[in-house]
Amino acid sequence: MRIEILQILERDSRLTPAEIGVMLAIPQEEVEAELEQLREENVILGYHTLVDWEKTSREFVTAQIEVKVTPQRDFGFDQIAQRIAQFPEVQSVFLYSGDFDLSVIVEGKTIKDIAAFVSDKLAVMDSVESCKTHFILKKYKQNGFLFEGNEADERPAILL
Amino acid sequence: MMENLLNKRIKSISPSGIRKFFDIANQMENVISLGVGEPDFRTPWHVRAAAVQSIEQKGTSYTANAGLLELRKAISRYLEDRFQLEYNPENQILVTVGASEAVDLALRAIVEEGDEILIPEPTYVSYLPSVVLAGGVAVPVPTYESRSFRLTAEDLEKHITPRTKAIVMCYPNNPTGAVMELSDLKAIGEVLKEHDIFVISDEIYSELVYGITHTSIASLPGMAERTLVINGFSKSFAMTGWRLGYAAGPVELLQAMTKIHQYAIMCAPTMSQYAGLEALENGLSHVKTMVAEYNQRRRVMVDGFRQMGLSCFEPQGAFYVFPRISDLGLSSDEFCTQLLQEERVAVVPGIAFGASGEGFIRCSYAYSLDSIREALRRIDRFVTHRRRVSSNAAN
Ligand SMILES: Cc1ncc(COP(=O)(O)O)c(C=O)c1O
């Protein structure tokens, strides 16, 4: 039931406990109790809206930075990753297997902002060995939602 | 000229009385619709990719009349795995242009002038004209909300005459969403055996069931030899436009149907057949995902209509709910026409599915939850308004 509630909310966080209850055929109170529990356990970290910023007047750039680091005794990658995550311009930090260690997604107003972040803040940190910066040019799909190609329903109104 | 050209059978099929409503609904702009009997999901991507690959790398010519043997083998395995049905892919399975073609072929192969064919009602709209075109007489057998729209042995028996040759059964049902469970089917099977009646079983919605497993009447002892199972890809795999279905049954009937199919059609589209093969081999997990989603929408719909104070039978199959609107003092046609005009919501009048559908409306949940919720809000407003108008009139 937990998983089903989370899957429903992950797709549409606006739904109320009553609505979720109907969808899963369980009482509203049970959904409320479960949600409470999920927030307490920090399973649910927040609710957010997926925005296609391209369609707005807000100008900004996003970059994905592949970071190689030297793991630290006793802490592995956790300490450095958590330190990087503290910067407000950092959107996400993930640990990867493979050619690099951390993927850091950064937002800035201009390319210059991001260059400054990399050279002044990220590259100079202890145990950061190298940074490779990739700018995101266009988004096609995020969190399961397509940015384009969501064709209108072309079915007729009535079809038996 | 045309007066003499057309045969009496086609002329005897009158256009639906609610044609006008359909025309208005389909021409109106900005309509929120719950009126379509077709999945809103797209065909799973890997199935589409397999079709493209087949166009690039495999045959683009006719297949065997009965369909690709590989596909028939996959269908045979699928029917056995899912519904415990055993059919020889060599001579008991025919791949058709949708379940629609299979229904037509079966009736043309079976019906002689004047034969009576039983059709439980409310019913999918194509059976009756197909019976008439084949020269038969369609005999509706009403089913009732009070019995969850299941066909009962008692009601069945009342409509059997010495001329009754076959019955067209459709469970899970369009338009009611009713299903038949094992015990229901057993009782029906006994009556059919006793009167030597053949079954055309349209099981196109067999994958779309909620909280139960689908039982095919052909899986009951002694029924396989008197049943034609019809199924397809349109609903289960969201493949309506591919035009792919199949029939499985007794060898002699399949031979006869293949004969008609061979002359009228040649074979189902080759690329669709390759897509169907991919769907059966690797697509069942997508079916599960779609069913889980339909189930949530189904609950939202039933709850929505009950919140409005309408009687709404809980369907366990297909993607329709069939709430009763008769106590609002409108015919189903009037209800739907006014709902369309006042709230721009399109649903289907129950009368479209036969006389026993009167007093009900068919609402499909093959729509996004957002559309469903908006439609329910508008229907609720309409129903509330109607109730106020009629109680004022009564005072
Ligand atoms: C009960 C029933 N049978 C058959 C069909 C047609 O299926 P196909 O697309 O396989 O021809 C439909 C489509 O709405 C249906 O509801």
# chains A, B, ... in the order shown; residues from 1 in each chain; ligands from 1
>>> residues_near_ligand(ligand="ligand 1", cutoff="9 Å", atoms="only C-alpha atoms and all ligand atoms", output="PyMOL selection string")
(chain A and resi 159-160) or (chain B and resi 36-38+96-103+123-127+170-175+202-205+230-235+239-246+318)
>>> residues_around(residues="Phe87 in chain A", least_positions_apart="6", cutoff="12 Å", atoms="only C-alpha atoms", output="PyMOL selection string")
chain A and resi 80-81+93+104-107+117-118+121-122
>>> residues_around(residues="range 251-254 of chain B", least_positions_apart="3", cutoff="7 Å", atoms="only C-alpha atoms", output="MDAnalysis selection string")
chainID B and resid 91:94 257:258
>>> select_by_dssp(residues="range 23-155 of chain A", states="strand (DSSP E)", output="PyMOL selection string")
chain A and resi 61-69+90-95+102-108+128-135+141-142+145-146
>>> residues_around(residues="range 137-152 of chain A", least_positions_apart="4", cutoff="10 Å", atoms="only C-alpha atoms", output="MDAnalysis selection string")
chainID A and resid 10:11 50:54 61:63
>>> write_last_selection(atoms="C-alpha atoms", output="PDB file, in the first residue's frame")
ATOM      1  CA  GLU A  10       5.093  10.901  -7.342  1.00  0.00           C
ATOM      2  CA  ARG A  11       2.986  11.404 -10.438  1.00  0.00           C
ATOM      3  CA  LEU A  50       7.746  20.068 -12.860  1.00  0.00           C
ATOM      4  CA  VAL A  51       8.183  23.233 -14.919  1.00  0.00           C
ATOM      5  CA  ASP A  52       9.143  23.671 -18.540  1.00  0.00           C
ATOM      6  CA  TRP A  53      11.161  26.870 -17.977  1.00  0.00           C
ATOM      7  CA  GLU A  54      11.827  27.158 -21.711  1.00  0.00           C
ATOM      8  CA  VAL A  61      21.561  27.650 -17.784  1.00  0.00           C
ATOM      9  CA  THR A  62      21.964  24.219 -16.300  1.00  0.00           C
ATOM     10  CA  ALA A  63      25.127  22.172 -16.332  1.00  0.00           C
TER      11      ALA A  63
END
>>> interface_residues(of="chain A", to="chain B", cutoff="12 Å", atoms="only C-alpha atoms", output="list in words")
Glu4, Ile5, Gln7, Ile8, Arg11, Asp12, Arg14, Leu15, Ala18, Glu19, Ile20, Gly21, Val22, Met23, Leu24, Ala25, Ile26, Asn150, Glu151, Ala152, Asp153, Glu154, Arg155, Pro156, Ala157, Ile158, Leu159 and Leu160 of chain A
>>> write_last_selection(atoms="C-alpha atoms", output="tab-separated table (two decimals), in the first residue's frame")
chain	number	residue	atom	x	y	z
A	4	GLU	CA	1.13	2.48	-4.29
A	5	ILE	CA	0.56	5.70	-2.34
A	7	GLN	CA	3.69	6.02	-6.86
A	8	ILE	CA	0.44	7.94	-7.05
A	11	ARG	CA	2.99	11.40	-10.44
A	12	ASP	CA	0.57	13.94	-9.01
A	14	ARG	CA	-1.79	17.55	-5.61
A	15	LEU	CA	-4.03	14.60	-4.77
A	18	ALA	CA	-9.47	11.30	0.26
A	19	GLU	CA	-8.77	11.04	-3.46
A	20	ILE	CA	-5.92	8.61	-2.97
A	21	GLY	CA	-8.14	6.55	-0.68
A	22	VAL	CA	-10.76	6.21	-3.42
A	23	MET	CA	-8.14	5.22	-5.98
A	24	LEU	CA	-6.78	2.46	-3.77
A	25	ALA	CA	-10.06	1.48	-2.09
A	26	ILE	CA	-8.79	2.24	1.43
A	150	ASN	CA	2.19	15.10	-25.72
A	151	GLU	CA	-0.29	14.99	-28.57
A	152	ALA	CA	-3.78	16.17	-27.89
A	153	ASP	CA	-6.36	13.40	-27.60
A	154	GLU	CA	-7.42	12.95	-31.20
A	155	ARG	CA	-10.12	10.42	-30.55
A	156	PRO	CA	-13.64	11.52	-31.45
A	157	ALA	CA	-15.99	12.46	-28.59
A	158	ILE	CA	-18.16	9.40	-29.09
A	159	LEU	CA	-17.09	5.99	-30.32
A	160	LEU	CA	-19.00	2.88	-29.42
>>> atom_distance(atom1="CA of Val179 in chain B", atom2="CA of Ile325 in chain B")
21.7 Å
>>> residues_around(residues="range 44-57 of chain B", least_positions_apart="4", cutoff="9 Å", atoms="only C-alpha atoms", output="VMD selection string")
chain B and resid 237 to 239 270 to 279 282 to 283 286
>>> write_last_selection(atoms="N, CA, C and O atoms", output="compact mmCIF listing (two decimals), in the first residue's frame")
# COMPACT_ATOMS: atom_id res chain seq x y z
N PHE B 237 -3.62 -4.54 -25.34
CA PHE B 237 -2.32 -3.93 -25.62
C PHE B 237 -2.45 -2.53 -26.20
O PHE B 237 -1.48 -1.99 -26.73
N ALA B 238 -3.63 -1.94 -26.11
CA ALA B 238 -3.84 -0.60 -26.66
C ALA B 238 -3.42 -0.54 -28.12
O ALA B 238 -2.58 0.26 -28.52
N MET B 239 -3.97 -1.42 -28.94
CA MET B 239 -3.55 -1.53 -30.34
C MET B 239 -4.73 -1.42 -31.31
O MET B 239 -4.78 -2.14 -32.32
N THR B 270 0.54 -7.61 -42.43
CA THR B 270 1.75 -8.32 -42.03
C THR B 270 2.49 -7.61 -40.89
O THR B 270 2.89 -8.24 -39.91
N MET B 271 2.64 -6.29 -41.00
CA MET B 271 3.42 -5.60 -39.96
C MET B 271 2.67 -5.61 -38.63
O MET B 271 3.30 -5.67 -37.57
N SER B 272 1.36 -5.58 -38.68
CA SER B 272 0.58 -5.69 -37.45
C SER B 272 0.77 -7.07 -36.81
O SER B 272 0.81 -7.19 -35.59
N GLN B 273 0.89 -8.07 -37.64
CA GLN B 273 1.09 -9.41 -37.10
C GLN B 273 2.43 -9.51 -36.36
O GLN B 273 2.52 -10.11 -35.30
N TYR B 274 3.47 -8.89 -36.93
CA TYR B 274 4.76 -8.89 -36.22
C TYR B 274 4.66 -8.10 -34.91
O TYR B 274 5.25 -8.47 -33.90
N ALA B 275 3.90 -7.01 -34.95
CA ALA B 275 3.71 -6.23 -33.73
C ALA B 275 2.98 -7.08 -32.68
O ALA B 275 3.35 -7.09 -31.50
N GLY B 276 1.98 -7.81 -33.12
CA GLY B 276 1.21 -8.66 -32.21
C GLY B 276 2.08 -9.73 -31.57
O GLY B 276 1.94 -10.04 -30.38
N LEU B 277 2.99 -10.27 -32.37
CA LEU B 277 3.92 -11.28 -31.85
C LEU B 277 4.76 -10.69 -30.72
O LEU B 277 4.91 -11.29 -29.65
N GLU B 278 5.28 -9.51 -30.95
CA GLU B 278 6.10 -8.84 -29.92
C GLU B 278 5.25 -8.56 -28.67
O GLU B 278 5.70 -8.75 -27.54
N ALA B 279 4.01 -8.13 -28.89
CA ALA B 279 3.13 -7.84 -27.75
C ALA B 279 2.94 -9.08 -26.89
O ALA B 279 3.06 -9.02 -25.66
N ASN B 282 6.52 -10.13 -25.24
CA ASN B 282 7.19 -9.25 -24.28
C ASN B 282 6.31 -8.14 -23.70
O ASN B 282 6.83 -7.25 -23.02
N GLY B 283 5.04 -8.17 -23.95
CA GLY B 283 4.22 -7.01 -23.59
C GLY B 283 3.33 -7.16 -22.37
O GLY B 283 2.64 -6.22 -21.99
N HIS B 286 3.34 -4.56 -19.55
CA HIS B 286 2.65 -3.30 -19.84
C HIS B 286 1.15 -3.43 -19.56
O HIS B 286 0.51 -2.51 -19.09
>>> residues_around(residues="Phe83 in chain B", least_positions_apart="3", cutoff="7 Å", atoms="only C-alpha atoms", output="VMD selection string")
chain B and resid 79 to 80 215 to 216
>>> write_last_selection(atoms="N, CA, C and O atoms", output="PDB file, in the first residue's frame")
ATOM      1  N   LEU B  79      -3.134 -18.327 -24.883  1.00  0.00           N
ATOM      2  CA  LEU B  79      -4.467 -18.768 -24.451  1.00  0.00           C
ATOM      3  C   LEU B  79      -4.368 -19.891 -23.426  1.00  0.00           C
ATOM      4  O   LEU B  79      -5.185 -19.988 -22.515  1.00  0.00           O
ATOM      5  N   GLU B  80      -3.337 -20.726 -23.574  1.00  0.00           N
ATOM      6  CA  GLU B  80      -3.163 -21.802 -22.605  1.00  0.00           C
ATOM      7  C   GLU B  80      -2.662 -21.249 -21.266  1.00  0.00           C
ATOM      8  O   GLU B  80      -3.223 -21.563 -20.214  1.00  0.00           O
ATOM      9  N   THR B 215     -12.464 -15.937 -16.659  1.00  0.00           N
ATOM     10  CA  THR B 215     -12.699 -17.322 -17.020  1.00  0.00           C
ATOM     11  C   THR B 215     -13.363 -17.356 -18.386  1.00  0.00           C
ATOM     12  O   THR B 215     -14.359 -16.678 -18.609  1.00  0.00           O
ATOM     13  N   SER B 216     -12.792 -18.137 -19.285  1.00  0.00           N
ATOM     14  CA  SER B 216     -13.417 -18.306 -20.601  1.00  0.00           C
ATOM     15  C   SER B 216     -14.411 -19.446 -20.522  1.00  0.00           C
ATOM     16  O   SER B 216     -14.108 -20.507 -19.953  1.00  0.00           O
TER      17      SER B 216
END
>>> residues_around(residues="Arg378 in chain B", least_positions_apart="6", cutoff="9 Å", atoms="only C-alpha atoms", output="VMD selection string")
chain B and resid 339 343 to 345
>>> atom_distance(atom1="CA of Gly98 in chain A", atom2="CA of Ile84 in chain A")
19.6 Å
>>> select_by_dssp(residues="range 159-314 of chain B", states="helix (DSSP H, G or I)", output="ChimeraX atom specification")
/B:182-194,217-219,224-226,240-242,251-264,270-282,284-307
